[in-house]
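In what follows, a single structure is set out as structure tokens and then discussed.
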Amino acid sequence: MSEKQIEISLHHSLQTASGRLPMDISLYIPMGSRLAITGPSGAGKTTILRQIAGLSIPQAGKITVGDNCWLDTQNGISIPPQGRNIGFVFQDYALFPHLTVYENLSYGLRNGQDTKVVDMLLERIGLMELAGRKPDQLSGGQQQRVALARALVRKPVLLLLDEALSALDSAMRLSLQGLILELQREQGFTLIMVTHHLGEIFRMADRVVQLDHGQVVGQGSPAVCFTSQSLPRAALVLYGEVISSQVFPDHILVTALVDEQLRELEVPLDRQDELREGQAFTLTYEHSQALIQRIN
Amino acid sequence: MDWEPLWLTFKLASITSIILFVLALPISYWLAFGRFKARGIVEALIGMPLVLPPSVIGFYLLLAFSPSYWFGHWMDQVLGLRLVFSFPGLVVASLIYSLPFMVYPIRAGLQAVPASLVDASYTLGKNKIETFFKILLPNSKPALLTAFILTFAHTVGEFGVVLMIGGNIPGVTKVASVAIYNEVEALNYPLANQYAMVLFAVTFVILLLVYSVNNRLLRVRKTN
């Protein structure tokens with residue numbers, strides 16, 4: 001990881017259902033790292049991504065990426081999205097419906113850029129055989145792969161994912177998460193992802209920023225951020241969600257989705273109220289004892 | 001039957017539709033995505049031919065085109081173009097009269113293209129003009145086709161404006177709709193019927209083609 005970093009400070013007046021809301025965000029992101037942004041809807045997550053991409057402009061703010069200034073409202077600098085060297089993966093994929101998979105990717109080529117990168121990326125996402133198809137002839141997962149590959153054609157320094165995997169089923173999501181991590185390791189871009197999905201945060205991000213009402217309410221490593229106390233020795237933190245619970249005389253049997261797999265956990269009776277259906281929790285092991293911690 | 005009025009009608013409709021198509025692209029884009037205060041006024045002005053009696057538009061165009069007033073005088077002196085009772089005058093009048101039929105469907109088509117496609121194009125390094133021609137237009141094909149044909153059909157059906165500023169000069173301004181009117185006035189119903197039947201049939205076939213092509217385009221989009 002280089003010492004260079006991305007510095008972002010944004011001030012904007014968010015328009016929400018309950019009126020105007022000031023948004024104030026400062027982020028320092030080491031180049032080559034992976035940041036997740038999470039929070040309730042209306043917190044300003046997508047606005048931040050769009051402003052980083054240059055698709056909308058904050059009322060005041062500054063964005064520097066390494067030595068390059070992308071935005072400095074005080075000095076009247078605002079590089080348009082075309083000049084920012086980013087990749088953006090949209091929630092609805094935003095594939096061009098009239099172009100084939102191959103054409104979607106090559107649409108992003110810079111003037112004079114070698115077309116080999118398109119073949120390389122198609123190979124990498126395993127869709128070489130479908131290069132001649134139109135997007136609507138692909139499954140959701142395949143479309144998302146194309147959107148990801150297309151965002152990487154220009155070799156961006158920064159890849160922005162806007163809830164990009166939220167529409168996929170869990171198996172597909174897992175496989176795409178793996179693919180993104182691999183590509184990130186190979187190409188070294190910095191990743192900023194907006195996501196609601198805690199499993200995704202734990203698996204993919206090395207840092208997370210929690211937003212609420214346009215303000216940063218928590219940040220740090222996912223383990224620190226989502227548990228009431230830090231778990232220093234926890235090498236492995238799993239994310240789970242209660243599916244159902246069954247009460248026995250001396251314990252509760254909780255069926256939960258833990259890291260995309262169904263598991264059964266024995267829990268003491270006194271935690272019955274905490275672990276209701278749909279409750280999210282983290283699961284860590286200490287001295288082969290399972291520790292369940294509720295996420296609020 | 002004299003085929004000249006029909007030939008004139010379709011010549012006028014073709015020229016008008018082609019010129020309007022080119023003019024309407026930037027206007028529609030501006031109305032769809034521009035942020036200007038004057039937009040409401042421009043929208044209202046473009047829509048006027050939809051609600052005003054053609055005779056009102058014809059009357060004002062007649063005044064404007066007349067060499068006794070500054071615009072007509074200027075056209076006459078500088079460009080050597082006499083717009084009253086001439087074919088070029090009919091074209092200019094049709095451009096104004098059919099403008100909303102071209103602009104409104106194209107604007108609606110452009111607005112219906114998902115905004116994320118435009119955003120994606122920008123993040124892939126393409127500027128607004130490239131995005132317009134490579135993303136927006138190809139994804140508004142049904143709207144473009146509808147706009148072109150509506151304009152064509154509407155110009156074919158023009159009567160009031162044409163009569164006001166073009167009059168009834170055979171081979172110059174006597175289009176089919178005017179010819180029908182003349183034959184009816186002369187109580188020559190069979191000939192009026194022949195002109196009317198041709199217009200009816202051609203217009204019906206054009207609209208039938210448009211709707212079937214558009215339905216196919218939309219169905220292809222849905223089923224895939």
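How things are named: the first chain in the structure tokens is A, the next is B, and so on; residues count from 1 in each chain; ligands count from 1 in the order shown.
Interface residues on chain A toward chain B (cut-off 8 Å, only C-alpha atoms): Ala53, Leu55, Pro81, Gln82, Gly83, Ile86, Gly87, Phe88, Phe90, Asp92, Ala94, Leu95, Phe96, Pro97, His98, Tyr107, Gly108, Leu109, Arg110, Asp136, Gln137, Ala151 and Arg154 of chain A.
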task = Can you pull out every residue within 10 Å of A:Arg263, counting only C-alpha atoms, but drop anything in the same chain fewer than 2 positions away, and send it as a ChimeraX atom specification?
result = /A:240,242-243,254-261,265
Written selection (all heavy atoms) as a PDB file, in the first residue's frame:
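Saved as out_14.pdb:
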ATOM      1  N   GLY A 240     -24.159 -12.782  11.037  1.00  0.00           N
ATOM      2  CA  GLY A 240     -25.306 -13.679  10.970  1.00  0.00           C
ATOM      3  C   GLY A 240     -26.627 -12.962  11.123  1.00  0.00           C
ATOM      4  O   GLY A 240     -26.679 -11.786  11.501  1.00  0.00           O
ATOM      5  N   VAL A 242     -30.728 -13.973  12.369  1.00  0.00           N
ATOM      6  CA  VAL A 242     -31.589 -15.015  12.932  1.00  0.00           C
ATOM      7  C   VAL A 242     -32.731 -15.321  11.967  1.00  0.00           C
ATOM      8  O   VAL A 242     -33.428 -14.421  11.491  1.00  0.00           O
ATOM      9  CB  VAL A 242     -32.182 -14.559  14.288  1.00  0.00           C
ATOM     10  CG1 VAL A 242     -33.121 -15.629  14.844  1.00  0.00           C
ATOM     11  CG2 VAL A 242     -31.068 -14.255  15.267  1.00  0.00           C
ATOM     12  N   ILE A 243     -32.896 -16.618  11.646  1.00  0.00           N
ATOM     13  CA  ILE A 243     -34.002 -17.029  10.779  1.00  0.00           C
ATOM     14  C   ILE A 243     -35.185 -17.452  11.651  1.00  0.00           C
ATOM     15  O   ILE A 243     -36.315 -17.029  11.435  1.00  0.00           O
ATOM     16  CB  ILE A 243     -33.599 -18.225   9.878  1.00  0.00           C
ATOM     17  CG1 ILE A 243     -32.359 -17.880   9.075  1.00  0.00           C
ATOM     18  CG2 ILE A 243     -34.754 -18.645   8.988  1.00  0.00           C
ATOM     19  CD1 ILE A 243     -32.558 -16.884   7.976  1.00  0.00           C
ATOM     20  N   VAL A 254     -31.193 -21.598  17.970  1.00  0.00           N
ATOM     21  CA  VAL A 254     -31.384 -20.522  16.985  1.00  0.00           C
ATOM     22  C   VAL A 254     -30.902 -21.007  15.619  1.00  0.00           C
ATOM     23  O   VAL A 254     -29.784 -21.479  15.480  1.00  0.00           O
ATOM     24  CB  VAL A 254     -30.581 -19.262  17.386  1.00  0.00           C
ATOM     25  CG1 VAL A 254     -30.643 -18.205  16.272  1.00  0.00           C
ATOM     26  CG2 VAL A 254     -31.131 -18.697  18.685  1.00  0.00           C
ATOM     27  N   THR A 255     -31.785 -20.927  14.642  1.00  0.00           N
ATOM     28  CA  THR A 255     -31.360 -21.202  13.268  1.00  0.00           C
ATOM     29  C   THR A 255     -31.033 -19.865  12.628  1.00  0.00           C
ATOM     30  O   THR A 255     -31.842 -18.940  12.656  1.00  0.00           O
ATOM     31  CB  THR A 255     -32.480 -21.889  12.480  1.00  0.00           C
ATOM     32  OG1 THR A 255     -32.905 -23.026  13.215  1.00  0.00           O
ATOM     33  CG2 THR A 255     -31.996 -22.328  11.109  1.00  0.00           C
ATOM     34  N   ALA A 256     -29.811 -19.762  12.106  1.00  0.00           N
ATOM     35  CA  ALA A 256     -29.377 -18.462  11.590  1.00  0.00           C
ATOM     36  C   ALA A 256     -28.632 -18.635  10.283  1.00  0.00           C
ATOM     37  O   ALA A 256     -28.077 -19.699   9.993  1.00  0.00           O
ATOM     38  CB  ALA A 256     -28.481 -17.760  12.601  1.00  0.00           C
ATOM     39  N   LEU A 257     -28.671 -17.574   9.506  1.00  0.00           N
ATOM     40  CA  LEU A 257     -27.875 -17.531   8.285  1.00  0.00           C
ATOM     41  C   LEU A 257     -26.553 -16.880   8.675  1.00  0.00           C
ATOM     42  O   LEU A 257     -26.492 -15.695   8.974  1.00  0.00           O
ATOM     43  CB  LEU A 257     -28.611 -16.690   7.239  1.00  0.00           C
ATOM     44  CG  LEU A 257     -28.068 -16.735   5.825  1.00  0.00           C
ATOM     45  CD1 LEU A 257     -28.272 -18.117   5.216  1.00  0.00           C
ATOM     46  CD2 LEU A 257     -28.776 -15.697   4.959  1.00  0.00           C
ATOM     47  N   VAL A 258     -25.502 -17.710   8.729  1.00  0.00           N
ATOM     48  CA  VAL A 258     -24.204 -17.182   9.115  1.00  0.00           C
ATOM     49  C   VAL A 258     -23.292 -17.251   7.894  1.00  0.00           C
ATOM     50  O   VAL A 258     -23.035 -18.346   7.390  1.00  0.00           O
ATOM     51  CB  VAL A 258     -23.596 -17.985  10.283  1.00  0.00           C
ATOM     52  CG1 VAL A 258     -22.209 -17.440  10.626  1.00  0.00           C
ATOM     53  CG2 VAL A 258     -24.508 -17.912  11.494  1.00  0.00           C
ATOM     54  N   ASP A 259     -22.880 -16.104   7.438  1.00  0.00           N
ATOM     55  CA  ASP A 259     -22.031 -16.044   6.256  1.00  0.00           C
ATOM     56  C   ASP A 259     -22.616 -16.866   5.117  1.00  0.00           C
ATOM     57  O   ASP A 259     -21.964 -17.735   4.553  1.00  0.00           O
ATOM     58  CB  ASP A 259     -20.625 -16.535   6.596  1.00  0.00           C
ATOM     59  CG  ASP A 259     -19.682 -15.363   6.642  1.00  0.00           C
ATOM     60  OD1 ASP A 259     -20.163 -14.236   6.815  1.00  0.00           O
ATOM     61  OD2 ASP A 259     -18.471 -15.589   6.497  1.00  0.00           O
ATOM     62  N   GLU A 260     -23.852 -16.619   4.827  1.00  0.00           N
ATOM     63  CA  GLU A 260     -24.549 -17.218   3.692  1.00  0.00           C
ATOM     64  C   GLU A 260     -24.836 -18.707   3.888  1.00  0.00           C
ATOM     65  O   GLU A 260     -25.246 -19.390   2.968  1.00  0.00           O
ATOM     66  CB  GLU A 260     -23.781 -17.035   2.368  1.00  0.00           C
ATOM     67  CG  GLU A 260     -23.087 -15.696   2.182  1.00  0.00           C
ATOM     68  CD  GLU A 260     -24.048 -14.553   1.953  1.00  0.00           C
ATOM     69  OE1 GLU A 260     -25.209 -14.826   1.607  1.00  0.00           O
ATOM     70  OE2 GLU A 260     -23.645 -13.391   2.144  1.00  0.00           O
ATOM     71  N   GLN A 261     -24.583 -19.247   5.092  1.00  0.00           N
ATOM     72  CA  GLN A 261     -24.904 -20.656   5.310  1.00  0.00           C
ATOM     73  C   GLN A 261     -25.825 -20.796   6.515  1.00  0.00           C
ATOM     74  O   GLN A 261     -25.716 -20.054   7.482  1.00  0.00           O
ATOM     75  CB  GLN A 261     -23.622 -21.452   5.579  1.00  0.00           C
ATOM     76  CG  GLN A 261     -22.890 -21.766   4.290  1.00  0.00           C
ATOM     77  CD  GLN A 261     -21.580 -22.456   4.543  1.00  0.00           C
ATOM     78  OE1 GLN A 261     -21.175 -22.646   5.700  1.00  0.00           O
ATOM     79  NE2 GLN A 261     -20.915 -22.827   3.469  1.00  0.00           N
ATOM     80  N   LEU A 265     -27.448 -22.733  16.323  1.00  0.00           N
ATOM     81  CA  LEU A 265     -26.630 -22.303  17.457  1.00  0.00           C
ATOM     82  C   LEU A 265     -27.405 -22.518  18.745  1.00  0.00           C
ATOM     83  O   LEU A 265     -28.590 -22.197  18.834  1.00  0.00           O
ATOM     84  CB  LEU A 265     -26.284 -20.812  17.315  1.00  0.00           C
ATOM     85  CG  LEU A 265     -25.579 -20.384  16.025  1.00  0.00           C
ATOM     86  CD1 LEU A 265     -25.710 -18.882  15.830  1.00  0.00           C
ATOM     87  CD2 LEU A 265     -24.119 -20.788  16.075  1.00  0.00           C
TER      88      LEU A 265
END
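Checking A:Tyr102, A:Gln51, A:Leu291, A:Tyr285 one by one against A:Thr115, counting only C-alpha atoms, you find the shortest gap at A:Tyr102.
Close contacts of A:Ile77, defined as residues with an atom at most 12 Å away when counting only C-alpha atoms, with chain neighbours fewer than 2 positions off set aside, comprise A:Gly54, A:Ile57, A:Pro58, A:Ala60, A:Gly61, A:Lys62, A:Ile63, A:Thr64, A:Asn68, A:Cys69, A:Trp70, A:Leu71, A:Asp72, A:Thr73, A:Gln74, A:Asn75, A:Ile79, A:Pro80.
Atom pair atom CA of B:Asn193 / atom CA of B:Trp3: separated by 13.5 Å.
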Please provide the set of residues having any atom within 9 Å of stretch 63-70 of chain B, restricted to only C-alpha atoms, with same-chain residues fewer than 4 positions apart removed, written as a PDB file with N, CA, C and O atoms, in the first residue's frame.
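Listing of result-v7.pdb after writing:
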ATOM      1  N   GLY B  58     -51.918  30.903 -39.493  1.00  0.00           N
ATOM      2  CA  GLY B  58     -51.822  31.291 -40.904  1.00  0.00           C
ATOM      3  C   GLY B  58     -51.869  32.795 -41.074  1.00  0.00           C
ATOM      4  O   GLY B  58     -51.089  33.378 -41.827  1.00  0.00           O
ATOM      5  N   PHE B  59     -52.750  33.432 -40.310  1.00  0.00           N
ATOM      6  CA  PHE B  59     -52.912  34.883 -40.420  1.00  0.00           C
ATOM      7  C   PHE B  59     -51.625  35.610 -40.032  1.00  0.00           C
ATOM      8  O   PHE B  59     -51.127  36.475 -40.759  1.00  0.00           O
ATOM      9  N   TRP B  74     -37.221  41.660 -45.405  1.00  0.00           N
ATOM     10  CA  TRP B  74     -35.828  41.235 -45.228  1.00  0.00           C
ATOM     11  C   TRP B  74     -35.553  39.958 -46.037  1.00  0.00           C
ATOM     12  O   TRP B  74     -34.553  39.849 -46.738  1.00  0.00           O
ATOM     13  N   MET B  75     -36.485  38.983 -45.928  1.00  0.00           N
ATOM     14  CA  MET B  75     -36.326  37.730 -46.674  1.00  0.00           C
ATOM     15  C   MET B  75     -36.258  38.018 -48.172  1.00  0.00           C
ATOM     16  O   MET B  75     -35.444  37.449 -48.905  1.00  0.00           O
ATOM     17  N   ASP B  76     -37.139  38.919 -48.607  1.00  0.00           N
ATOM     18  CA  ASP B  76     -37.246  39.255 -50.019  1.00  0.00           C
ATOM     19  C   ASP B  76     -35.976  39.948 -50.520  1.00  0.00           C
ATOM     20  O   ASP B  76     -35.399  39.570 -51.542  1.00  0.00           O
ATOM     21  N   GLN B  77     -35.542  40.958 -49.746  1.00  0.00           N
ATOM     22  CA  GLN B  77     -34.401  41.766 -50.180  1.00  0.00           C
ATOM     23  C   GLN B  77     -33.067  41.045 -50.037  1.00  0.00           C
ATOM     24  O   GLN B  77     -32.254  41.034 -50.948  1.00  0.00           O
ATOM     25  N   ARG B  82     -39.325  34.924 -51.626  1.00  0.00           N
ATOM     26  CA  ARG B  82     -40.694  35.404 -51.407  1.00  0.00           C
ATOM     27  C   ARG B  82     -41.483  34.261 -50.737  1.00  0.00           C
ATOM     28  O   ARG B  82     -41.648  33.198 -51.322  1.00  0.00           O
ATOM     29  N   LEU B  83     -41.911  34.486 -49.491  1.00  0.00           N
ATOM     30  CA  LEU B  83     -42.532  33.386 -48.741  1.00  0.00           C
ATOM     31  C   LEU B  83     -44.053  33.328 -48.903  1.00  0.00           C
ATOM     32  O   LEU B  83     -44.669  32.295 -48.657  1.00  0.00           O
ATOM     33  N   VAL B  84     -44.651  34.441 -49.285  1.00  0.00           N
ATOM     34  CA  VAL B  84     -46.106  34.402 -49.452  1.00  0.00           C
ATOM     35  C   VAL B  84     -46.435  33.775 -50.796  1.00  0.00           C
ATOM     36  O   VAL B  84     -45.795  34.068 -51.797  1.00  0.00           O
ATOM     37  N   GLY B  89     -42.460  29.136 -48.685  1.00  0.00           N
ATOM     38  CA  GLY B  89     -43.307  29.677 -47.617  1.00  0.00           C
ATOM     39  C   GLY B  89     -44.098  28.579 -46.926  1.00  0.00           C
ATOM     40  O   GLY B  89     -44.228  28.556 -45.699  1.00  0.00           O
ATOM     41  N   ILE B 165     -51.590  31.073 -46.293  1.00  0.00           N
ATOM     42  CA  ILE B 165     -50.354  31.690 -46.773  1.00  0.00           C
ATOM     43  C   ILE B 165     -49.929  31.192 -48.149  1.00  0.00           C
ATOM     44  O   ILE B 165     -49.057  31.773 -48.763  1.00  0.00           O
TER      45      ILE B 165
END
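Of the listed residues (B:Val198, B:Leu208, B:Leu50, B:Ala179), B:Leu208 comes nearest to B:Ile149; the distances count only C-alpha atoms.
In this model, the gap between atom CA of B:Tyr189 and atom CA of B:Gly157 comes to 19.0 Å.
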Polymer residues at most 8 Å from A:Ser245, only C-alpha atoms, same-chain spacing of 5 or more positions, as a list in words = Ile252, Leu253, Val254, Thr255, Leu275, Arg276 and Glu277 of chain A
Generate a file of the selected residues that holds all heavy atoms, formatted as a CSV table (one decimal), in the first residue's frame.
chain,number,residue,atom,x,y,z
A,252,ILE,N,-32.0,-22.3,24.0
A,252,ILE,CA,-32.7,-21.9,22.8
A,252,ILE,C,-31.9,-22.4,21.6
A,252,ILE,O,-30.7,-22.3,21.6
A,252,ILE,CB,-32.9,-20.4,22.6
A,252,ILE,CG1,-33.3,-19.8,23.9
A,252,ILE,CG2,-33.9,-20.1,21.5
A,252,ILE,CD1,-33.1,-18.3,23.9
A,253,LEU,N,-32.6,-23.0,20.6
A,253,LEU,CA,-31.9,-23.4,19.4
A,253,LEU,C,-32.2,-22.3,18.3
A,253,LEU,O,-33.4,-22.2,17.9
A,253,LEU,CB,-32.4,-24.8,18.9
A,253,LEU,CG,-31.6,-25.4,17.7
A,253,LEU,CD1,-30.1,-25.6,18.1
A,253,LEU,CD2,-32.3,-26.6,17.2
A,254,VAL,N,-31.2,-21.6,18.0
A,254,VAL,CA,-31.4,-20.5,17.0
A,254,VAL,C,-30.9,-21.0,15.6
A,254,VAL,O,-29.8,-21.5,15.5
A,254,VAL,CB,-30.6,-19.3,17.4
A,254,VAL,CG1,-30.6,-18.2,16.3
A,254,VAL,CG2,-31.1,-18.7,18.7
A,255,THR,N,-31.8,-20.9,14.6
A,255,THR,CA,-31.4,-21.2,13.3
A,255,THR,C,-31.0,-19.9,12.6
A,255,THR,O,-31.8,-18.9,12.7
A,255,THR,CB,-32.5,-21.9,12.5
A,255,THR,OG1,-32.9,-23.0,13.2
A,255,THR,CG2,-32.0,-22.3,11.1
A,275,LEU,N,-32.5,-12.4,20.6
A,275,LEU,CA,-32.3,-13.0,19.3
A,275,LEU,C,-33.6,-13.4,18.6
A,275,LEU,O,-34.0,-14.5,18.5
A,275,LEU,CB,-31.4,-14.2,19.4
A,275,LEU,CG,-30.0,-13.9,20.0
A,275,LEU,CD1,-29.2,-15.1,20.3
A,275,LEU,CD2,-29.3,-13.0,18.9
A,276,ARG,N,-34.3,-12.3,18.2
A,276,ARG,CA,-35.6,-12.5,17.6
A,276,ARG,C,-35.4,-12.7,16.1
A,276,ARG,O,-34.3,-12.4,15.6
A,276,ARG,CB,-36.5,-11.3,17.8
A,276,ARG,CG,-36.9,-11.2,19.2
A,276,ARG,CD,-38.0,-10.1,19.4
A,276,ARG,NE,-38.4,-10.0,20.7
A,276,ARG,CZ,-39.3,-10.8,21.3
A,276,ARG,NH1,-39.8,-11.8,20.6
A,276,ARG,NH2,-39.6,-10.6,22.5
A,277,GLU,N,-36.4,-13.1,15.4
A,277,GLU,CA,-36.3,-13.3,13.9
A,277,GLU,C,-35.8,-12.0,13.2
A,277,GLU,O,-36.3,-11.0,13.5
A,277,GLU,CB,-37.6,-13.7,13.3
A,277,GLU,CG,-37.8,-15.2,13.2
A,277,GLU,CD,-39.2,-15.5,12.7
A,277,GLU,OE1,-39.7,-14.9,11.8
A,277,GLU,OE2,-39.8,-16.4,13.3
message = Among stretch 31-220 of chain B, which ones does DSSP assign to helix (DSSP H, G or I) (computed from the backbone)? Answer as a ChimeraX atom specification.
response = /B:31-33,39-51,54-65,70-79,87-112,115-123,128-136,138-156,160-166,176-185,189-220
ask   = Neighbours of stretch 39-43 of chain A within 8 Å (only C-alpha atoms; same-chain residues fewer than 4 positions away dropped), as a list in words?
value = Thr16, His196, Gln210, Leu211, Asp212, His213, Gly214 and Gln215 of chain A
Output the selection as a CSV table (one decimal), in the first residue's frame - N, CA and C atoms for each residue.
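What ended up in selection-v7.csv:
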chain,number,residue,atom,x,y,z
A,16,THR,N,-34.1,15.5,1.8
A,16,THR,CA,-34.7,14.3,2.2
A,16,THR,C,-36.2,14.4,2.4
A,196,HIS,N,-25.6,-2.1,2.2
A,196,HIS,CA,-26.4,-2.3,3.4
A,196,HIS,C,-26.0,-3.7,4.1
A,210,GLN,N,-19.8,4.6,9.0
A,210,GLN,CA,-21.3,4.5,9.2
A,210,GLN,C,-21.8,6.0,9.1
A,211,LEU,N,-22.8,6.1,8.3
A,211,LEU,CA,-23.4,7.4,8.1
A,211,LEU,C,-24.8,7.4,8.7
A,212,ASP,N,-25.2,8.6,9.2
A,212,ASP,CA,-26.6,8.8,9.6
A,212,ASP,C,-26.9,10.3,9.4
A,213,HIS,N,-28.0,10.6,8.8
A,213,HIS,CA,-28.4,11.9,8.6
A,213,HIS,C,-27.3,12.8,8.1
A,214,GLY,N,-26.5,12.3,7.1
A,214,GLY,CA,-25.5,13.2,6.5
A,214,GLY,C,-24.2,13.3,7.4
A,215,GLN,N,-24.1,12.6,8.5
A,215,GLN,CA,-23.0,12.8,9.3
A,215,GLN,C,-22.3,11.4,9.5
key: Who sits within 10 Å of A:Leu183, only C-alpha atoms, same chain under 5 positions skipped, as a ChimeraX atom specification   = /A:121,124-125,148-149,152,177-178,188-189
Go ahead and dump the residues you just picked, N, CA, C and O atoms, as a compact mmCIF listing (two decimals), in the first residue's frame.
# COMPACT_ATOMS: atom_id res chain seq x y z
N LEU A 121 -10.38 -8.73 -19.69
CA LEU A 121 -11.42 -8.62 -18.66
C LEU A 121 -12.55 -9.62 -18.91
O LEU A 121 -13.08 -10.22 -17.97
N ARG A 124 -11.45 -12.79 -17.69
CA ARG A 124 -11.36 -12.74 -16.23
C ARG A 124 -12.73 -12.95 -15.58
O ARG A 124 -12.83 -13.59 -14.54
N ILE A 125 -13.78 -12.39 -16.21
CA ILE A 125 -15.12 -12.54 -15.63
C ILE A 125 -15.82 -13.78 -16.18
O ILE A 125 -16.96 -14.08 -15.85
N LEU A 148 -19.12 -4.69 -13.88
CA LEU A 148 -17.86 -4.60 -13.14
C LEU A 148 -16.68 -4.51 -14.11
O LEU A 148 -15.82 -3.63 -13.98
N ALA A 149 -16.69 -5.40 -15.11
CA ALA A 149 -15.58 -5.39 -16.07
C ALA A 149 -15.55 -4.07 -16.83
O ALA A 149 -14.48 -3.50 -17.06
N LEU A 152 -13.83 -1.34 -15.19
CA LEU A 152 -12.38 -1.49 -15.01
C LEU A 152 -11.60 -1.29 -16.30
O LEU A 152 -10.36 -1.30 -16.29
N GLN A 177 -18.20 -11.10 -4.91
CA GLN A 177 -17.33 -10.48 -3.90
C GLN A 177 -15.91 -10.99 -4.06
O GLN A 177 -14.93 -10.23 -4.03
N GLY A 178 -15.80 -12.31 -4.26
CA GLY A 178 -14.48 -12.91 -4.45
C GLY A 178 -13.79 -12.34 -5.68
O GLY A 178 -12.60 -11.99 -5.65
N GLY A 188 -4.91 -3.15 -8.03
CA GLY A 188 -4.47 -2.19 -7.02
C GLY A 188 -5.32 -0.93 -6.90
O GLY A 188 -4.90 0.03 -6.26
N PHE A 189 -6.51 -0.92 -7.49
CA PHE A 189 -7.35 0.27 -7.34
C PHE A 189 -7.88 0.39 -5.92
O PHE A 189 -7.87 -0.58 -5.16
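Reported to one decimal place, the separation of atom CA of A:Met204 from atom CA of A:Ser175 is 12.0 Å.
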Which of stretch 65-234 of chain A fall in strand (DSSP E or B), as a ChimeraX atom specification = /A:65,68-72,77-78,86-89,158-162,190-194,207-212,215-220
